[in-house]
file input_13.tsv (TSV, C-alpha atoms)
chain	number	residue	atom	x	y	z
K	12	MET	CA	0.00	0.00	0.00
K	13	ARG	CA	2.81	2.44	0.75
K	14	VAL	CA	4.31	1.90	-2.68
K	15	ILE	CA	1.31	3.41	-4.44
K	16	PRO	CA	1.72	6.96	-3.02
K	17	VAL	CA	5.43	6.97	-3.88
K	18	VAL	CA	4.71	5.82	-7.43
K	19	MET	CA	2.07	8.51	-7.75
K	20	LEU	CA	4.55	11.16	-6.59
K	21	LEU	CA	7.12	9.98	-9.11
K	22	GLY	CA	4.64	10.68	-11.88
K	23	LEU	CA	4.13	14.29	-10.85
K	24	PRO	CA	6.17	17.04	-12.48
K	25	SER	CA	9.08	18.33	-10.43
K	26	PHE	CA	8.12	21.47	-8.60
K	27	GLY	CA	11.78	22.36	-8.11
K	28	LEU	CA	12.35	22.92	-11.81
K	29	ALA	CA	10.19	26.03	-11.86
K	30	GLN	CA	11.78	27.64	-8.80
K	31	ALA	CA	14.62	30.12	-8.90
K	32	PRO	CA	17.93	28.96	-7.46
K	33	ALA	CA	18.75	30.45	-4.10
K	34	ARG	CA	19.51	34.14	-4.52
K	35	LEU	CA	22.32	33.91	-1.98
K	36	ALA	CA	24.02	31.18	-4.02
K	37	LEU	CA	23.91	33.41	-7.10
K	38	ILE	CA	25.43	36.26	-5.11
K	39	ASP	CA	28.17	33.94	-3.80
K	40	ASP	CA	28.90	32.78	-7.37
K	41	TRP	CA	29.35	36.39	-8.51
K	42	LYS	CA	31.58	37.19	-5.52
K	43	HIS	CA	33.71	34.20	-6.46
K	44	GLN	CA	33.81	35.28	-10.10
K	45	ARG	CA	34.82	38.81	-9.04
K	46	THR	CA	37.67	37.45	-6.90
K	47	HIS	CA	38.91	35.22	-9.71
K	48	LEU	CA	38.68	37.94	-12.37
K	49	LEU	CA	40.65	40.37	-10.21
K	50	ALA	CA	43.26	37.66	-9.58
K	51	VAL	CA	43.60	37.20	-13.35
K	52	ILE	CA	44.18	40.94	-13.77
K	53	ASP	CA	46.73	40.84	-10.94
K	54	SER	CA	48.54	37.97	-12.73
K	55	ALA	CA	49.03	40.06	-15.86
K	56	THR	CA	51.85	42.48	-16.48
K	57	PRO	CA	51.01	46.08	-17.38
K	58	GLY	CA	52.53	45.42	-20.81
K	59	MET	CA	50.00	42.66	-21.49
K	60	LEU	CA	46.97	44.95	-21.62
K	61	GLY	CA	47.31	45.46	-25.39
K	62	PHE	CA	48.37	41.87	-26.12
K	63	ARG	CA	46.30	39.81	-28.57
K	64	SER	CA	46.79	36.05	-28.67
K	65	THR	CA	46.13	36.11	-32.40
K	66	PRO	CA	45.17	38.82	-34.91
K	67	GLY	CA	41.50	39.75	-34.93
K	68	VAL	CA	40.72	38.93	-31.29
K	69	ARG	CA	40.26	41.26	-28.35
K	70	THR	CA	43.29	42.42	-26.41
K	71	PHE	CA	43.75	41.15	-22.87
K	72	ALA	CA	42.28	44.39	-21.48
K	73	GLU	CA	39.37	44.27	-23.95
K	74	GLN	CA	38.62	40.69	-22.87
K	75	ILE	CA	38.54	41.71	-19.20
K	76	ASP	CA	36.32	44.68	-20.05
K	77	HIS	CA	34.02	42.44	-22.08
K	78	ILE	CA	33.70	39.95	-19.22
K	79	ALA	CA	32.77	42.51	-16.59
K	80	GLY	CA	30.87	44.92	-18.84
K	81	ALA	CA	28.71	42.23	-20.43
K	82	ALA	CA	27.86	40.83	-16.99
K	83	ALA	CA	26.77	44.27	-15.80
K	84	PHE	CA	24.77	44.87	-19.00
K	85	ILE	CA	22.91	41.55	-18.90
K	86	VAL	CA	22.15	41.83	-15.19
K	87	SER	CA	21.00	45.44	-15.53
K	88	ARG	CA	18.63	44.70	-18.41
K	89	ALA	CA	17.45	41.19	-17.67
K	90	VAL	CA	17.57	41.03	-13.88
K	91	ALA	CA	17.03	44.65	-12.78
K	92	GLY	CA	15.05	45.64	-15.87
K	93	THR	CA	16.86	48.97	-16.13
K	94	PRO	CA	19.69	50.43	-18.17
K	95	LEU	CA	23.14	50.52	-16.63
K	96	PRO	CA	23.44	53.36	-14.12
K	97	ALA	CA	24.84	56.61	-15.45
K	98	GLY	CA	28.54	56.88	-14.77
K	99	ILE	CA	29.25	53.18	-14.32
K	100	ALA	CA	31.11	52.95	-17.63
K	101	GLY	CA	34.59	54.34	-17.27
K	102	ASP	CA	36.87	55.91	-19.84
K	103	THR	CA	38.09	53.09	-22.08
K	104	ALA	CA	40.86	55.32	-23.43
K	105	ARG	CA	42.27	55.23	-19.91
K	106	TYR	CA	41.39	51.92	-18.29
K	107	LEU	CA	42.18	49.70	-21.28
K	108	HIS	CA	45.77	50.98	-21.01
K	109	ASP	CA	46.26	51.17	-17.24
K	110	LYS	CA	46.25	47.97	-15.18
K	111	ALA	CA	45.11	49.58	-11.92
K	112	ALA	CA	42.32	51.43	-13.73
K	113	LEU	CA	41.26	48.20	-15.51
K	114	ARG	CA	41.08	46.43	-12.15
K	115	THR	CA	39.02	49.26	-10.67
K	116	GLN	CA	36.60	49.25	-13.63
K	117	ALA	CA	36.15	45.46	-13.57
K	118	ALA	CA	35.49	45.59	-9.83
K	119	LYS	CA	32.98	48.41	-10.33
K	120	TYR	CA	31.03	46.41	-12.90
K	121	LEU	CA	30.96	43.25	-10.78
K	122	ASP	CA	30.13	45.18	-7.61
K	123	TYR	CA	27.10	46.50	-9.50
K	124	VAL	CA	26.12	42.94	-10.48
K	125	ILE	CA	26.37	41.77	-6.87
K	126	ALA	CA	24.48	44.79	-5.50
K	127	THR	CA	21.73	44.28	-8.07
K	128	LEU	CA	21.26	40.65	-7.05
K	129	GLU	CA	21.26	41.68	-3.40
K	130	SER	CA	18.42	44.10	-4.15
K	131	VAL	CA	16.02	41.62	-5.79
K	132	SER	CA	13.94	38.92	-4.15
K	133	GLU	CA	13.61	35.24	-4.97
K	134	ALA	CA	10.15	36.03	-6.33
K	135	ASP	CA	11.62	38.75	-8.58
K	136	LEU	CA	14.13	36.28	-9.96
K	137	SER	CA	11.33	33.92	-11.00
K	138	GLN	CA	9.72	36.52	-13.26
K	139	ASP	CA	10.28	36.21	-17.00
K	140	ARG	CA	12.26	38.82	-18.90
K	141	GLN	CA	12.72	39.17	-22.65
K	142	MET	CA	16.15	39.96	-24.08
K	143	PHE	CA	18.17	39.13	-27.18
K	144	GLY	CA	15.01	37.80	-28.83
K	145	GLY	CA	14.22	35.25	-26.14
K	146	THR	CA	12.40	35.00	-22.83
K	147	MET	CA	13.67	33.34	-19.66
K	148	PRO	CA	13.22	33.80	-15.93
K	149	ARG	CA	15.47	36.50	-14.52
K	150	TRP	CA	17.50	33.91	-12.58
K	151	ARG	CA	18.30	32.15	-15.89
K	152	TRP	CA	19.48	35.45	-17.40
K	153	ASN	CA	21.75	35.80	-14.38
K	154	LEU	CA	23.17	32.32	-15.04
K	155	THR	CA	23.62	33.23	-18.70
K	156	ALA	CA	25.69	36.24	-17.66
K	157	LEU	CA	27.70	34.08	-15.27
K	158	GLN	CA	28.30	31.41	-17.94
K	159	HIS	CA	29.39	34.07	-20.43
K	160	SER	CA	31.73	35.51	-17.82
K	161	ALA	CA	33.31	32.14	-17.07
K	162	TRP	CA	33.56	31.21	-20.76
K	163	THR	CA	35.30	34.45	-21.68
K	164	LEU	CA	37.53	34.39	-18.61
K	165	GLY	CA	38.77	30.97	-19.69
K	166	GLN	CA	39.84	32.53	-22.98
K	167	VAL	CA	42.37	34.78	-21.23
K	168	VAL	CA	44.37	31.84	-19.84
K	169	PRO	CA	46.38	31.52	-23.10
K	170	TYR	CA	47.02	35.29	-23.00
K	171	LEU	CA	48.68	34.83	-19.60
K	172	ARG	CA	50.61	31.69	-20.57
K	173	MET	CA	51.84	33.20	-23.86
K	174	ASN	CA	53.34	36.00	-21.78
K	175	GLY	CA	55.07	33.68	-19.33
K	176	ARG	CA	52.51	34.31	-16.60
K	177	VAL	CA	50.82	31.68	-14.46
K	178	PRO	CA	47.03	31.97	-14.27
K	179	PRO	CA	45.55	31.89	-10.80
K	180	ALA	CA	44.34	28.46	-9.78
K	181	PHE	CA	40.62	27.94	-10.06
K	182	THR	CA	38.79	27.04	-6.88
K	183	PRO	CA	35.10	26.22	-6.57
K	184	PHE	CA	34.68	28.69	-3.68

call {"tool": "encode", "arguments": {"input": "input_13.tsv", "output": "structure tokens"}}
result
Amino acid sequence: MRVIPVVMLLGLPSFGLAQAPARLALIDDWKHQRTHLLAVIDSATPGMLGFRSTPGVRTFAEQIDHIAGAAAFIVSRAVAGTPLPAGIAGDTARYLHDKAALRTQAAKYLDYVIATLESVSEADLSQDRQMFGGTMPRWRWNLTALQHSAWTLGQVVPYLRMNGRVPPAFTPF
């Protein structure tokens, strides 16, 4: 007799699939990503900022800017539902050529991402948002930004190695 209720439950759709992941876990993931990105910048030499691993790709500094700037853009539009705050974008003529300024700008973008996630509720994260021609829950857009960040950050490892630098070790926390 007890087997029947369990079998019936197995046939029901999973309620967990429709729920947003824990907001605090998303915030922790972004804090980890921020720490790792800043460690990558710290591993580079100032002379590497303009380095391209091959013609036609972004420079090291442009890659870092793309990682942090795209994260801030996606989170602002898809999670917060607003444009990026005025003044968050720095002067690329300066920070793409100055390691300390690049670090400051990357931190500013990711601090915005973290603060934005801290300001929304779990219920907010479950709401759908349209962007780039598709619709997903806001928490999924956040994960998309995080995946893009990790994917692009992995692309800078050869930049470091080609310049005799050792990338920081990845840790899961």

call {"tool": "closest_residue", "arguments": {"input": "input_13.tsv", "among": "K:Ile125, K:Trp41, K:Gln116, K:Phe181", "to": "K:Val168", "atoms": "only C-alpha atoms"}}
result
K:Phe181

call {"tool": "closest_residue", "arguments": {"input": "input_13.tsv", "among": "K:Val177, K:Val51, K:Leu136, K:Ile75", "to": "K:Thr103", "atoms": "only C-alpha atoms"}}
result
K:Ile75

call {"tool": "atom_distance", "arguments": {"input": "input_13.tsv", "atom1": "atom CA of K:Ala50", "atom2": "atom CA of K:Ile99"}}
result
21.4 Å

call {"tool": "closest_residue", "arguments": {"input": "input_13.tsv", "among": "K:Thr127, K:Ser54, K:Asn174, K:Thr46", "to": "K:Lys110", "atoms": "all atoms listed in the file"}}
result
K:Ser54

call {"tool": "atom_distance", "arguments": {"input": "input_13.tsv", "atom1": "atom CA of K:Asp39", "atom2": "atom CA of K:Met59"}}
result
29.4 Å

call {"tool": "residues_around", "arguments": {"input": "input_13.tsv", "residues": "K:His43", "least_positions_apart": "5", "cutoff": "9 Å", "atoms": "all atoms listed in the file", "output": "list in words"}}
result
Ile38, Leu48, Thr182, Pro183 and Phe184 of chain K

call {"tool": "closest_atom_pairs", "arguments": {"input": "input_13.tsv", "of": "stretch 122-159 of chain K", "to": "stretch 87-97 of chain K", "cutoff": "9 Å", "atoms": "all atoms listed in the file", "output": "Markdown table"}}
result
| residue | atom | partner | partner_atom | distance |
| --- | --- | --- | --- | --- |
| K:Tyr123 | CA | K:Ser87 | CA | 8.6 |
| K:Val124 | CA | K:Ser87 | CA | 7.6 |
| K:Thr127 | CA | K:Ala91 | CA | 6.7 |
| K:Leu128 | CA | K:Val90 | CA | 7.8 |
| K:Ser130 | CA | K:Ala91 | CA | 8.8 |
| K:Val131 | CA | K:Ala91 | CA | 7.7 |
| K:Asp135 | CA | K:Val90 | CA | 8.3 |
| K:Leu136 | CA | K:Val90 | CA | 7.1 |
| K:Asp139 | CA | K:Ala89 | CA | 8.8 |
| K:Arg140 | CA | K:Ala89 | CA | 5.8 |
| K:Gln141 | CA | K:Ala89 | CA | 7.2 |
| K:Met142 | CA | K:Ala89 | CA | 6.7 |
| K:Met147 | CA | K:Ala89 | CA | 8.9 |
| K:Pro148 | CA | K:Val90 | CA | 8.7 |
| K:Arg149 | CA | K:Val90 | CA | 5.0 |
| K:Trp150 | CA | K:Val90 | CA | 7.2 |
| K:Trp152 | CA | K:Ala89 | CA | 6.1 |
| K:Asn153 | CA | K:Val90 | CA | 6.7 |

call {"tool": "write_last_selection", "arguments": {"input": "input_13.tsv", "atoms": "C-alpha atoms", "output": "PDB file, in the coordinates of the input"}}
result
ATOM      1  CA  TYR K 123      27.100  46.500  -9.500  1.00  0.00           C
ATOM      2  CA  VAL K 124      26.120  42.940 -10.480  1.00  0.00           C
ATOM      3  CA  THR K 127      21.730  44.280  -8.070  1.00  0.00           C
ATOM      4  CA  LEU K 128      21.260  40.650  -7.050  1.00  0.00           C
ATOM      5  CA  SER K 130      18.420  44.100  -4.150  1.00  0.00           C
ATOM      6  CA  VAL K 131      16.020  41.620  -5.790  1.00  0.00           C
ATOM      7  CA  ASP K 135      11.620  38.750  -8.580  1.00  0.00           C
ATOM      8  CA  LEU K 136      14.130  36.280  -9.960  1.00  0.00           C
ATOM      9  CA  ASP K 139      10.280  36.210 -17.000  1.00  0.00           C
ATOM     10  CA  ARG K 140      12.260  38.820 -18.900  1.00  0.00           C
ATOM     11  CA  GLN K 141      12.720  39.170 -22.650  1.00  0.00           C
ATOM     12  CA  MET K 142      16.150  39.960 -24.080  1.00  0.00           C
ATOM     13  CA  MET K 147      13.670  33.340 -19.660  1.00  0.00           C
ATOM     14  CA  PRO K 148      13.220  33.800 -15.930  1.00  0.00           C
ATOM     15  CA  ARG K 149      15.470  36.500 -14.520  1.00  0.00           C
ATOM     16  CA  TRP K 150      17.500  33.910 -12.580  1.00  0.00           C
ATOM     17  CA  TRP K 152      19.480  35.450 -17.400  1.00  0.00           C
ATOM     18  CA  ASN K 153      21.750  35.800 -14.380  1.00  0.00           C
TER      19      ASN K 153
END

call {"tool": "residues_around", "arguments": {"input": "input_13.tsv", "residues": "K:Leu49", "least_positions_apart": "4", "cutoff": "9 Å", "atoms": "all atoms listed in the file", "output": "list in words"}}
result
Gln44, Arg45, Asp53, Ser54, Arg114, Ala117 and Ala118 of chain K

call {"tool": "write_last_selection", "arguments": {"input": "input_13.tsv", "atoms": "C-alpha atoms", "output": "tab-separated table (two decimals), in the coordinates of the input"}}
result
chain	number	residue	atom	x	y	z
K	44	GLN	CA	33.81	35.28	-10.10
K	45	ARG	CA	34.82	38.81	-9.04
K	53	ASP	CA	46.73	40.84	-10.94
K	54	SER	CA	48.54	37.97	-12.73
K	114	ARG	CA	41.08	46.43	-12.15
K	117	ALA	CA	36.15	45.46	-13.57
K	118	ALA	CA	35.49	45.59	-9.83

call {"tool": "atom_distance", "arguments": {"input": "input_13.tsv", "atom1": "atom CA of K:Val167", "atom2": "atom CA of K:Gln74"}}
result
7.2 Å

call {"tool": "closest_residue", "arguments": {"input": "input_13.tsv", "among": "K:Leu157, K:Ala100, K:Ala72, K:Met173", "to": "K:Lys119", "atoms": "only C-alpha atoms"}}
result
K:Ala100

call {"tool": "build_atoms", "arguments": {"input": "input_13.tsv", "residues": "stretch 172-184 of chain K", "atoms": "N, CA and C atoms", "output": "short mmCIF file (atom, residue, chain, number, x, y, z; two decimals), in the coordinates of the input"}}
result
data_model
loop_
_atom_site.label_atom_id
_atom_site.label_comp_id
_atom_site.auth_asym_id
_atom_site.auth_seq_id
_atom_site.Cartn_x
_atom_site.Cartn_y
_atom_site.Cartn_z
N ARG K 172 49.56 32.68 -20.33
CA ARG K 172 50.61 31.69 -20.57
C ARG K 172 51.55 32.12 -21.70
N MET K 173 51.00 32.74 -22.74
CA MET K 173 51.84 33.20 -23.86
C MET K 173 52.77 34.33 -23.43
N ASN K 174 52.49 34.93 -22.30
CA ASN K 174 53.34 36.00 -21.78
C ASN K 174 54.15 35.55 -20.56
N GLY K 175 54.26 34.23 -20.40
CA GLY K 175 55.07 33.68 -19.33
C GLY K 175 54.47 33.86 -17.95
N ARG K 176 53.19 34.11 -17.88
CA ARG K 176 52.51 34.31 -16.60
C ARG K 176 51.76 33.04 -16.22
N VAL K 177 51.56 32.84 -14.95
CA VAL K 177 50.82 31.68 -14.46
C VAL K 177 49.43 32.15 -14.05
N PRO K 178 48.39 31.58 -14.66
CA PRO K 178 47.03 31.97 -14.27
C PRO K 178 46.75 31.57 -12.83
N PRO K 179 45.91 32.32 -12.15
CA PRO K 179 45.55 31.89 -10.80
C PRO K 179 44.82 30.55 -10.85
N ALA K 180 45.01 29.75 -9.84
CA ALA K 180 44.34 28.46 -9.78
C ALA K 180 42.85 28.67 -9.57
N PHE K 181 42.06 27.87 -10.24
CA PHE K 181 40.62 27.94 -10.06
C PHE K 181 40.24 27.17 -8.81
N THR K 182 39.36 27.74 -8.03
CA THR K 182 38.79 27.04 -6.88
C THR K 182 37.29 27.13 -6.99
N PRO K 183 36.56 26.17 -6.47
CA PRO K 183 35.10 26.22 -6.57
C PRO K 183 34.45 27.16 -5.55
N PHE K 184 35.24 27.78 -4.69
CA PHE K 184 34.68 28.69 -3.68
C PHE K 184 35.68 29.76 -3.34
#
